[in-house]
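Chemist: Here it is, the structure, as structure tokens.
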Amino acid sequence: MSKISPYAKSQAGVSVLLIVSWLLLALFAIIIGYLVLNPSIVTKPATPQVETSQELADTKNTWQPAIADSTQNTNPDTPAPISSYYEAVNRAAQSVVNIYTTQNTSGQIYANDPVLQQFLERYYGGGTPNQGSSLGSGVVVSKDGYIVTNAHVIAQADEITVAFNDGRKARAKVVGSDTDSDLAVIRVELDNLVPMAFRAEPIRVGDVALAIGNPFGVGQTVTQGIISATGRAGIGVSSFEDFIQTDAAINPGNSGGALVDANGALIGINTAIYSRSGGSMGIGFAIPTQIVERVMNALITTGKVSRGWLGIEIMPATDNPTSIESRTGAVVARVWQDGPAAKAGVQVGDTITAIDGTPIKDANALIGMVAQKSPNSTLSLTIVRQDKTLNLSAQLAERPNFDQQPAAQNQGTPQNIEQLQQLLQQLEQMRNSQQH
């Protein structure tokens, strides 16, 4: 066996030591170079300035805005622009119709008065009845030919003509009309109709809205805007108001037309505008689809809408916009004799604050809530009378048709006819005196 000499061992140890030394030197050089290139690592951080007590006091007394939480953003700052609503409009326009109505205007006011009829025939020759016409819009809601429009569009119409988007025309018959909501249903006998789909999700303020109708009779027109507000009431258009407000241009002739969303789904029936000029001023109102559906079903099924009636009149609201006091409830101004409220013990001056435990904000909320109840249903009333809270129970009756009552009251009486005869005699004497 060979042996390694001590000299060889010494040479090997020197070689290993030399290699380790060079490695350590190289590592040290790398560290020095890194520190030279990144001086901030060895720089002592600046000492933060401490706010004085005066600065802290000034900060507490200064209004600070709330900072939005960027993690809650759902829309990008620069959304991709929508180049067209063609698909939505093309889908919805198939269901929107133009409505033209005609009515005989000559002699209608005096049709039941033989004295005035004789006067008109003698001095004006009778003549051919004049044809008055009006226009509006409507929405096809079923393949069976049912069309929803406004009650005021077809009011007193002797003939109703419906013009469709595909060029067809047809005569329509009135299925039913509800002036309290300003809605009506008419029907045509045609095939291959395309009903408009109702939006399933609730609308939101800020959603895109498209109004489709026949403004000023120029033909089917589309305007675009947004939902400006919901739940608008107290406008004075109809008895029961829960309108959608939009800035999409709505003009005369748009009444009864469709208000649709960005996908062409129906969200409301256009019914009125706020205007000082007669044209659109950016404030239009539409009846939401939940009311349209309820009224439409009632008119098709029974020909009328049955609503609950409490038998009271509410004192007009006189809210002062500068007052900081909040007022809730509805003050009773009149109680109909033998009505549901009278039988329940409601008195003039009572403030109704809740129905079935639901707080009442104002008169519009009370009217709407009672109208949604069916006749003969029972509800509980929470009222305040002379600072005392009382709970009463009332069984609702069916709301009367108040539109027919003034007509019955204005019918001619023998006294009216006698006065008209005297007036005609005076007119005839004046005519004879002028001839002689």
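How things are named: the first chain in the structure tokens is A, the next is B, and so on; residues count from 1 in each chain; ligands count from 1 in the order shown.
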Write out as an mmCIF file with C-alpha atoms, in the first residue's frame which residues come within 7 Å of Ser134 of chain A when counting only C-alpha atoms, dropping same-chain ones fewer than 3 positions away.

Modeler:
```cif
data_model
loop_
_atom_site.group_PDB
_atom_site.id
_atom_site.type_symbol
_atom_site.label_atom_id
_atom_site.label_comp_id
_atom_site.auth_asym_id
_atom_site.auth_seq_id
_atom_site.Cartn_x
_atom_site.Cartn_y
_atom_site.Cartn_z
ATOM 1 C CA TYR A 100 -106.237 56.897 -34.199
ATOM 2 C CA THR A 101 -109.708 57.654 -32.877
ATOM 3 C CA THR A 102 -112.646 59.540 -34.369
#
```

Chemist: Any idea what's packed within 9 Å of Arg399 of chain A, counting only C-alpha atoms, ignoring anything in its chain fewer than 6 positions away? Could you give it as an MDAnalysis selection string?

Modeler: chainID A and resid 306:311 371 375

Chemist: Can I get the selection written as a PDB file, in the first residue's frame, with N, CA, C and O atoms?

Modeler:
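Saved as part06.pdb:
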```pdb
ATOM      1  N   SER A 306    -112.009  46.429  -9.584  1.00  0.00           N
ATOM      2  CA  SER A 306    -112.626  46.560  -8.262  1.00  0.00           C
ATOM      3  C   SER A 306    -111.555  46.931  -7.245  1.00  0.00           C
ATOM      4  O   SER A 306    -110.547  46.227  -7.114  1.00  0.00           O
ATOM      5  N   ARG A 307    -111.788  48.005  -6.529  1.00  0.00           N
ATOM      6  CA  ARG A 307    -110.837  48.469  -5.522  1.00  0.00           C
ATOM      7  C   ARG A 307    -111.548  48.660  -4.182  1.00  0.00           C
ATOM      8  O   ARG A 307    -112.756  48.924  -4.133  1.00  0.00           O
ATOM      9  N   GLY A 308    -110.769  48.536  -3.141  1.00  0.00           N
ATOM     10  CA  GLY A 308    -111.314  48.798  -1.821  1.00  0.00           C
ATOM     11  C   GLY A 308    -111.597  50.268  -1.612  1.00  0.00           C
ATOM     12  O   GLY A 308    -110.947  51.143  -2.191  1.00  0.00           O
ATOM     13  N   TRP A 309    -112.600  50.555  -0.766  1.00  0.00           N
ATOM     14  CA  TRP A 309    -113.010  51.942  -0.512  1.00  0.00           C
ATOM     15  C   TRP A 309    -113.289  52.109   0.965  1.00  0.00           C
ATOM     16  O   TRP A 309    -114.040  51.335   1.561  1.00  0.00           O
ATOM     17  N   LEU A 310    -112.650  53.105   1.562  1.00  0.00           N
ATOM     18  CA  LEU A 310    -112.794  53.342   2.997  1.00  0.00           C
ATOM     19  C   LEU A 310    -113.886  54.347   3.304  1.00  0.00           C
ATOM     20  O   LEU A 310    -114.410  54.368   4.426  1.00  0.00           O
ATOM     21  N   GLY A 311    -114.252  55.176   2.346  1.00  0.00           N
ATOM     22  CA  GLY A 311    -115.323  56.140   2.563  1.00  0.00           C
ATOM     23  C   GLY A 311    -114.897  57.379   3.328  1.00  0.00           C
ATOM     24  O   GLY A 311    -115.633  57.858   4.204  1.00  0.00           O
ATOM     25  N   ALA A 371    -106.630  51.126  -2.076  1.00  0.00           N
ATOM     26  CA  ALA A 371    -107.088  50.718  -3.405  1.00  0.00           C
ATOM     27  C   ALA A 371    -106.575  49.339  -3.781  1.00  0.00           C
ATOM     28  O   ALA A 371    -107.210  48.629  -4.567  1.00  0.00           O
ATOM     29  N   PRO A 375    -112.485  44.624  -2.211  1.00  0.00           N
ATOM     30  CA  PRO A 375    -113.708  44.934  -1.462  1.00  0.00           C
ATOM     31  C   PRO A 375    -114.071  43.797  -0.501  1.00  0.00           C
ATOM     32  O   PRO A 375    -113.784  42.626  -0.764  1.00  0.00           O
TER      33      PRO A 375
END
```

Chemist: Using only C-alpha atoms, which of A:Ala258, A:Met296, A:Glu241, A:Arg171 sits nearest Ser137 of chain A?

Modeler: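 Using only C-alpha atoms, the shortest distance to Ser137 of chain A belongs to A:Ala258.
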
Chemist: Nearest residue to Gly213 of chain A out of A:Val139, A:Ala229, A:Ala363, A:Val174, using only C-alpha atoms?

Modeler: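 Smallest distance to Gly213 of chain A is found for A:Val139.
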
Chemist: Report as an mmCIF file with all heavy atoms, in the first residue's frame all protein, DNA and RNA residues lying within 8 Å of Thr328 of chain A, evaluated on only C-alpha atoms, omitting residues in the same chain fewer than 6 positions from it.

Modeler:
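Written file, around_30.cif:
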```cif
data_model
loop_
_atom_site.group_PDB
_atom_site.id
_atom_site.type_symbol
_atom_site.label_atom_id
_atom_site.label_comp_id
_atom_site.auth_asym_id
_atom_site.auth_seq_id
_atom_site.Cartn_x
_atom_site.Cartn_y
_atom_site.Cartn_z
ATOM 1 N N THR A 353 -102.352 56.961 10.846
ATOM 2 C CA THR A 353 -100.894 56.835 10.835
ATOM 3 C C THR A 353 -100.404 55.490 10.314
ATOM 4 O O THR A 353 -99.235 55.366 9.931
ATOM 5 C CB THR A 353 -100.319 57.061 12.238
ATOM 6 O OG1 THR A 353 -100.898 56.095 13.139
ATOM 7 C CG2 THR A 353 -100.650 58.462 12.733
ATOM 8 N N ILE A 360 -98.154 55.070 7.426
ATOM 9 C CA ILE A 360 -98.676 55.865 6.316
ATOM 10 C C ILE A 360 -97.901 57.181 6.267
ATOM 11 O O ILE A 360 -97.916 57.960 7.221
ATOM 12 C CB ILE A 360 -100.176 56.144 6.485
ATOM 13 C CG1 ILE A 360 -100.959 54.825 6.456
ATOM 14 C CG2 ILE A 360 -100.678 57.078 5.400
ATOM 15 C CD1 ILE A 360 -100.840 54.085 5.154
ATOM 16 N N LYS A 361 -97.246 57.426 5.138
ATOM 17 C CA LYS A 361 -96.457 58.644 4.995
ATOM 18 C C LYS A 361 -97.339 59.854 4.724
ATOM 19 O O LYS A 361 -97.176 60.917 5.334
ATOM 20 C CB LYS A 361 -95.427 58.479 3.883
ATOM 21 C CG LYS A 361 -94.556 59.708 3.664
ATOM 22 C CD LYS A 361 -93.579 59.480 2.521
ATOM 23 C CE LYS A 361 -92.745 60.734 2.280
ATOM 24 N NZ LYS A 361 -91.804 60.555 1.157
ATOM 25 N N ASP A 362 -98.276 59.703 3.769
ATOM 26 C CA ASP A 362 -99.135 60.822 3.385
ATOM 27 C C ASP A 362 -100.419 60.281 2.780
ATOM 28 O O ASP A 362 -100.678 59.072 2.777
ATOM 29 C CB ASP A 362 -98.416 61.759 2.397
ATOM 30 C CG ASP A 362 -97.823 61.005 1.209
ATOM 31 O OD1 ASP A 362 -98.347 59.919 0.870
ATOM 32 O OD2 ASP A 362 -96.845 61.484 0.624
#
```

Chemist: Would you mind telling me which residue in A:Val20, A:Ala163, A:Val153, A:Asp242 lies nearest to Asn364 of chain A when using only C-alpha atoms?

Modeler: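 Distance minimum relative to Asn364 of chain A lands on A:Asp242.
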
Chemist: Would you compute the distance between atom CA of Lys373 of chain A and atom CA of Arg232 of chain A? Give it in Å to one decimal.

Modeler: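 These two atoms are separated by 20.5 Å.
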
Chemist: Work out how far apart atom CA of Pro359 of chain A and atom CA of Ile227 of chain A are and give it in Å to one decimal.

Modeler: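 So the answer is 26.7 Å.
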
Chemist: In terms of the shortest atom-to-atom distance over only C-alpha atoms, which of A:Asp261, A:Asp207, A:Asp180, A:Glu159 is closest to Arg91 of chain A?

Modeler: A:Asp261

Chemist: If we count only C-alpha atoms, what is near Asn376 of chain A at a cut-off of 7 Å, once residues fewer than 4 positions away on the same chain are taken out, given as a list in words?

Modeler: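 In the requested format, the answer is Gln395, Leu396 and Ala397 of chain A.
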
Chemist: Taking into account only C-alpha atoms, which residue in the set A:Thr351, A:Thr378, A:Thr302, A:Ser84 is nearest to Arg327 of chain A?

Modeler: A:Thr351

Chemist: Can you write out as a Markdown table which residues of segment 186-255 of chain A fall within 12 Å of segment 94-99 of chain A, alongside each residue's closest atom pair and its distance in Å to one decimal, counting only C-alpha atoms and ordering rows by chain and ascending residue number?

Modeler:
```
| residue | atom | partner | partner_atom | distance |
| --- | --- | --- | --- | --- |
| A:Ile186 | CA | A:Ile99 | CA | 10.4 |
| A:Arg187 | CA | A:Ile99 | CA | 11.8 |
| A:Val188 | CA | A:Val97 | CA | 11.5 |
| A:Asn192 | CA | A:Gln94 | CA | 10.7 |
| A:Leu193 | CA | A:Ser95 | CA | 7.6 |
| A:Val194 | CA | A:Ser95 | CA | 5.6 |
| A:Pro195 | CA | A:Ser95 | CA | 5.6 |
| A:Met196 | CA | A:Ser95 | CA | 5.5 |
| A:Ala197 | CA | A:Ser95 | CA | 9.2 |
| A:Phe198 | CA | A:Ser95 | CA | 11.7 |
| A:Ala211 | CA | A:Val96 | CA | 10.4 |
| A:Ile212 | CA | A:Val96 | CA | 7.1 |
| A:Gly213 | CA | A:Val96 | CA | 6.9 |
| A:Asn214 | CA | A:Asn98 | CA | 6.1 |
| A:Pro215 | CA | A:Asn98 | CA | 9.6 |
| A:Phe216 | CA | A:Asn98 | CA | 11.0 |
| A:Gly217 | CA | A:Asn98 | CA | 8.5 |
| A:Val218 | CA | A:Asn98 | CA | 10.2 |
| A:Gly219 | CA | A:Asn98 | CA | 7.7 |
| A:Gln220 | CA | A:Asn98 | CA | 7.4 |
| A:Thr221 | CA | A:Val96 | CA | 10.2 |
| A:Val222 | CA | A:Val96 | CA | 10.7 |
| A:Gly253 | CA | A:Asn98 | CA | 8.6 |
| A:Asn254 | CA | A:Asn98 | CA | 9.0 |
| A:Ser255 | CA | A:Ile99 | CA | 9.8 |
```

Chemist: How would the residues just chosen look if you wrote them out with N, CA, C and O atoms as an mmCIF file, in the first residue's frame?

Modeler:
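Written output follows (again-v6.cif):
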```cif
data_model
loop_
_atom_site.group_PDB
_atom_site.id
_atom_site.type_symbol
_atom_site.label_atom_id
_atom_site.label_comp_id
_atom_site.auth_asym_id
_atom_site.auth_seq_id
_atom_site.Cartn_x
_atom_site.Cartn_y
_atom_site.Cartn_z
ATOM 1 N N ILE A 186 -107.857 47.512 -25.344
ATOM 2 C CA ILE A 186 -108.624 47.338 -26.573
ATOM 3 C C ILE A 186 -108.169 46.043 -27.244
ATOM 4 O O ILE A 186 -107.147 45.465 -26.857
ATOM 5 N N ARG A 187 -108.927 45.598 -28.251
ATOM 6 C CA ARG A 187 -108.592 44.324 -28.886
ATOM 7 C C ARG A 187 -108.826 44.403 -30.379
ATOM 8 O O ARG A 187 -109.783 45.008 -30.854
ATOM 9 N N VAL A 188 -107.919 43.757 -31.122
ATOM 10 C CA VAL A 188 -108.051 43.657 -32.571
ATOM 11 C C VAL A 188 -108.078 42.177 -32.950
ATOM 12 O O VAL A 188 -107.580 41.333 -32.217
ATOM 13 N N ASN A 192 -100.532 36.653 -35.977
ATOM 14 C CA ASN A 192 -99.090 36.909 -36.017
ATOM 15 C C ASN A 192 -98.708 38.207 -35.302
ATOM 16 O O ASN A 192 -97.859 38.970 -35.766
ATOM 17 N N LEU A 193 -99.342 38.456 -34.166
ATOM 18 C CA LEU A 193 -98.973 39.622 -33.364
ATOM 19 C C LEU A 193 -97.825 39.265 -32.428
ATOM 20 O O LEU A 193 -97.699 38.123 -31.979
ATOM 21 N N VAL A 194 -96.993 40.251 -32.138
ATOM 22 C CA VAL A 194 -95.828 40.037 -31.277
ATOM 23 C C VAL A 194 -96.043 40.801 -29.970
ATOM 24 O O VAL A 194 -95.948 42.021 -29.943
ATOM 25 N N PRO A 195 -96.374 40.115 -28.871
ATOM 26 C CA PRO A 195 -96.559 40.812 -27.593
ATOM 27 C C PRO A 195 -95.221 41.235 -27.005
ATOM 28 O O PRO A 195 -94.203 40.579 -27.195
ATOM 29 N N MET A 196 -95.244 42.351 -26.281
ATOM 30 C CA MET A 196 -94.019 42.841 -25.665
ATOM 31 C C MET A 196 -93.810 42.173 -24.313
ATOM 32 O O MET A 196 -94.748 42.043 -23.513
ATOM 33 N N ALA A 197 -92.578 41.783 -24.036
ATOM 34 C CA ALA A 197 -92.247 41.153 -22.764
ATOM 35 C C ALA A 197 -92.066 42.206 -21.682
ATOM 36 O O ALA A 197 -91.523 43.288 -21.938
ATOM 37 N N PHE A 198 -92.523 41.890 -20.462
ATOM 38 C CA PHE A 198 -92.386 42.797 -19.327
ATOM 39 C C PHE A 198 -91.041 42.544 -18.645
ATOM 40 O O PHE A 198 -90.571 41.417 -18.568
ATOM 41 N N ALA A 211 -88.309 55.606 -24.913
ATOM 42 C CA ALA A 211 -89.742 55.854 -25.109
ATOM 43 C C ALA A 211 -90.081 55.654 -26.581
ATOM 44 O O ALA A 211 -89.427 56.244 -27.460
ATOM 45 N N ILE A 212 -91.092 54.819 -26.846
ATOM 46 C CA ILE A 212 -91.504 54.525 -28.219
ATOM 47 C C ILE A 212 -92.975 54.882 -28.358
ATOM 48 O O ILE A 212 -93.807 54.442 -27.569
ATOM 49 N N GLY A 213 -93.297 55.683 -29.361
ATOM 50 C CA GLY A 213 -94.684 56.094 -29.575
ATOM 51 C C GLY A 213 -94.844 56.852 -30.876
ATOM 52 O O GLY A 213 -93.977 56.797 -31.764
ATOM 53 N N ASN A 214 -95.951 57.587 -30.977
ATOM 54 C CA ASN A 214 -96.301 58.314 -32.195
ATOM 55 C C ASN A 214 -96.503 59.789 -31.867
ATOM 56 O O ASN A 214 -97.625 60.297 -31.878
ATOM 57 N N PRO A 215 -95.442 60.540 -31.564
ATOM 58 C CA PRO A 215 -95.606 61.940 -31.155
ATOM 59 C C PRO A 215 -96.053 62.827 -32.315
ATOM 60 O O PRO A 215 -95.506 62.758 -33.417
ATOM 61 N N PHE A 216 -97.076 63.631 -32.049
ATOM 62 C CA PHE A 216 -97.605 64.590 -33.019
ATOM 63 C C PHE A 216 -98.052 63.927 -34.325
ATOM 64 O O PHE A 216 -98.219 64.606 -35.337
ATOM 65 N N GLY A 217 -98.209 62.600 -34.332
ATOM 66 C CA GLY A 217 -98.665 61.913 -35.522
ATOM 67 C C GLY A 217 -97.626 61.783 -36.616
ATOM 68 O O GLY A 217 -97.968 61.462 -37.757
ATOM 69 N N VAL A 218 -96.354 62.007 -36.302
ATOM 70 C CA VAL A 218 -95.322 61.928 -37.336
ATOM 71 C C VAL A 218 -94.944 60.488 -37.656
ATOM 72 O O VAL A 218 -94.264 60.211 -38.636
ATOM 73 N N GLY A 219 -95.368 59.526 -36.849
ATOM 74 C CA GLY A 219 -95.006 58.133 -37.034
ATOM 75 C C GLY A 219 -94.215 57.620 -35.858
ATOM 76 O O GLY A 219 -93.835 58.385 -34.958
ATOM 77 N N GLN A 220 -93.963 56.328 -35.856
ATOM 78 C CA GLN A 220 -93.279 55.723 -34.715
ATOM 79 C C GLN A 220 -91.902 56.347 -34.507
ATOM 80 O O GLN A 220 -91.097 56.435 -35.426
ATOM 81 N N THR A 221 -91.667 56.770 -33.265
ATOM 82 C CA THR A 221 -90.446 57.497 -32.922
ATOM 83 C C THR A 221 -89.877 56.940 -31.632
ATOM 84 O O THR A 221 -90.612 56.556 -30.729
ATOM 85 N N VAL A 222 -88.539 56.925 -31.538
ATOM 86 C CA VAL A 222 -87.848 56.437 -30.352
ATOM 87 C C VAL A 222 -87.011 57.561 -29.767
ATOM 88 O O VAL A 222 -86.287 58.245 -30.492
ATOM 89 N N GLY A 253 -99.173 62.441 -28.264
ATOM 90 C CA GLY A 253 -99.167 61.328 -29.201
ATOM 91 C C GLY A 253 -98.398 60.133 -28.667
ATOM 92 O O GLY A 253 -98.610 59.010 -29.102
ATOM 93 N N ASN A 254 -97.493 60.391 -27.712
ATOM 94 C CA ASN A 254 -96.784 59.296 -27.049
ATOM 95 C C ASN A 254 -97.649 58.606 -25.999
ATOM 96 O O ASN A 254 -97.285 57.524 -25.518
ATOM 97 N N SER A 255 -98.757 59.224 -25.614
ATOM 98 C CA SER A 255 -99.605 58.647 -24.573
ATOM 99 C C SER A 255 -100.043 57.237 -24.948
ATOM 100 O O SER A 255 -100.535 57.002 -26.055
#
```

Chemist: Pick out the residues sitting within 10 Å of Asn263 of chain A, and hand them over as a list in words; count only C-alpha atoms, and ignore anything fewer than 3 positions along from it in its own chain.

Modeler: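 Contacts, with the query itself left out: Tyr85, Tyr86, Glu87, Ala88, Val89, Arg91, Ala92, Arg199, Val208, Ala209, Leu210, Val260 and Leu266 of chain A.
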
Chemist: With N, CA, C and O atoms retained, export the selected residues as a PDB file, in the first residue's frame.

Modeler:
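Final file, result_24.pdb:
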```pdb
ATOM      1  N   TYR A  85     -78.722  51.004 -29.929  1.00  0.00           N
ATOM      2  CA  TYR A  85     -79.793  50.280 -29.249  1.00  0.00           C
ATOM      3  C   TYR A  85     -80.689  49.605 -30.280  1.00  0.00           C
ATOM      4  O   TYR A  85     -81.865  49.357 -30.027  1.00  0.00           O
ATOM      5  N   TYR A  86     -80.115  49.313 -31.445  1.00  0.00           N
ATOM      6  CA  TYR A  86     -80.916  48.795 -32.552  1.00  0.00           C
ATOM      7  C   TYR A  86     -81.647  47.513 -32.187  1.00  0.00           C
ATOM      8  O   TYR A  86     -82.839  47.361 -32.461  1.00  0.00           O
ATOM      9  N   GLU A  87     -80.956  46.568 -31.575  1.00  0.00           N
ATOM     10  CA  GLU A  87     -81.577  45.281 -31.267  1.00  0.00           C
ATOM     11  C   GLU A  87     -82.748  45.449 -30.319  1.00  0.00           C
ATOM     12  O   GLU A  87     -83.812  44.844 -30.494  1.00  0.00           O
ATOM     13  N   ALA A  88     -82.576  46.284 -29.283  1.00  0.00           N
ATOM     14  CA  ALA A  88     -83.655  46.500 -28.318  1.00  0.00           C
ATOM     15  C   ALA A  88     -84.848  47.190 -28.973  1.00  0.00           C
ATOM     16  O   ALA A  88     -86.003  46.800 -28.768  1.00  0.00           O
ATOM     17  N   VAL A  89     -84.580  48.221 -29.755  1.00  0.00           N
ATOM     18  CA  VAL A  89     -85.661  48.964 -30.407  1.00  0.00           C
ATOM     19  C   VAL A  89     -86.360  48.096 -31.446  1.00  0.00           C
ATOM     20  O   VAL A  89     -87.597  48.094 -31.544  1.00  0.00           O
ATOM     21  N   ARG A  91     -86.725  44.954 -31.449  1.00  0.00           N
ATOM     22  CA  ARG A  91     -87.546  43.955 -30.761  1.00  0.00           C
ATOM     23  C   ARG A  91     -88.824  44.582 -30.209  1.00  0.00           C
ATOM     24  O   ARG A  91     -89.915  44.026 -30.339  1.00  0.00           O
ATOM     25  N   ALA A  92     -88.691  45.753 -29.584  1.00  0.00           N
ATOM     26  CA  ALA A  92     -89.848  46.379 -28.935  1.00  0.00           C
ATOM     27  C   ALA A  92     -90.794  47.039 -29.923  1.00  0.00           C
ATOM     28  O   ALA A  92     -92.011  47.070 -29.703  1.00  0.00           O
ATOM     29  N   ARG A 199     -90.437  43.578 -18.162  1.00  0.00           N
ATOM     30  CA  ARG A 199     -89.177  43.440 -17.422  1.00  0.00           C
ATOM     31  C   ARG A 199     -89.440  42.740 -16.094  1.00  0.00           C
ATOM     32  O   ARG A 199     -90.371  43.090 -15.361  1.00  0.00           O
ATOM     33  N   VAL A 208     -81.110  53.079 -18.143  1.00  0.00           N
ATOM     34  CA  VAL A 208     -81.452  53.615 -19.461  1.00  0.00           C
ATOM     35  C   VAL A 208     -82.919  53.339 -19.766  1.00  0.00           C
ATOM     36  O   VAL A 208     -83.443  52.267 -19.450  1.00  0.00           O
ATOM     37  N   ALA A 209     -83.599  54.324 -20.352  1.00  0.00           N
ATOM     38  CA  ALA A 209     -85.008  54.184 -20.716  1.00  0.00           C
ATOM     39  C   ALA A 209     -85.198  54.676 -22.146  1.00  0.00           C
ATOM     40  O   ALA A 209     -84.635  55.698 -22.550  1.00  0.00           O
ATOM     41  N   LEU A 210     -86.012  53.946 -22.913  1.00  0.00           N
ATOM     42  CA  LEU A 210     -86.339  54.308 -24.288  1.00  0.00           C
ATOM     43  C   LEU A 210     -87.846  54.458 -24.405  1.00  0.00           C
ATOM     44  O   LEU A 210     -88.587  53.550 -24.020  1.00  0.00           O
ATOM     45  N   VAL A 260     -89.383  51.379 -22.397  1.00  0.00           N
ATOM     46  CA  VAL A 260     -88.673  50.103 -22.315  1.00  0.00           C
ATOM     47  C   VAL A 260     -87.267  50.326 -21.792  1.00  0.00           C
ATOM     48  O   VAL A 260     -86.758  51.456 -21.783  1.00  0.00           O
ATOM     49  N   LEU A 266     -90.551  45.880 -21.514  1.00  0.00           N
ATOM     50  CA  LEU A 266     -91.483  46.927 -21.088  1.00  0.00           C
ATOM     51  C   LEU A 266     -91.320  47.224 -19.604  1.00  0.00           C
ATOM     52  O   LEU A 266     -91.315  46.313 -18.773  1.00  0.00           O
TER      53      LEU A 266
END
```
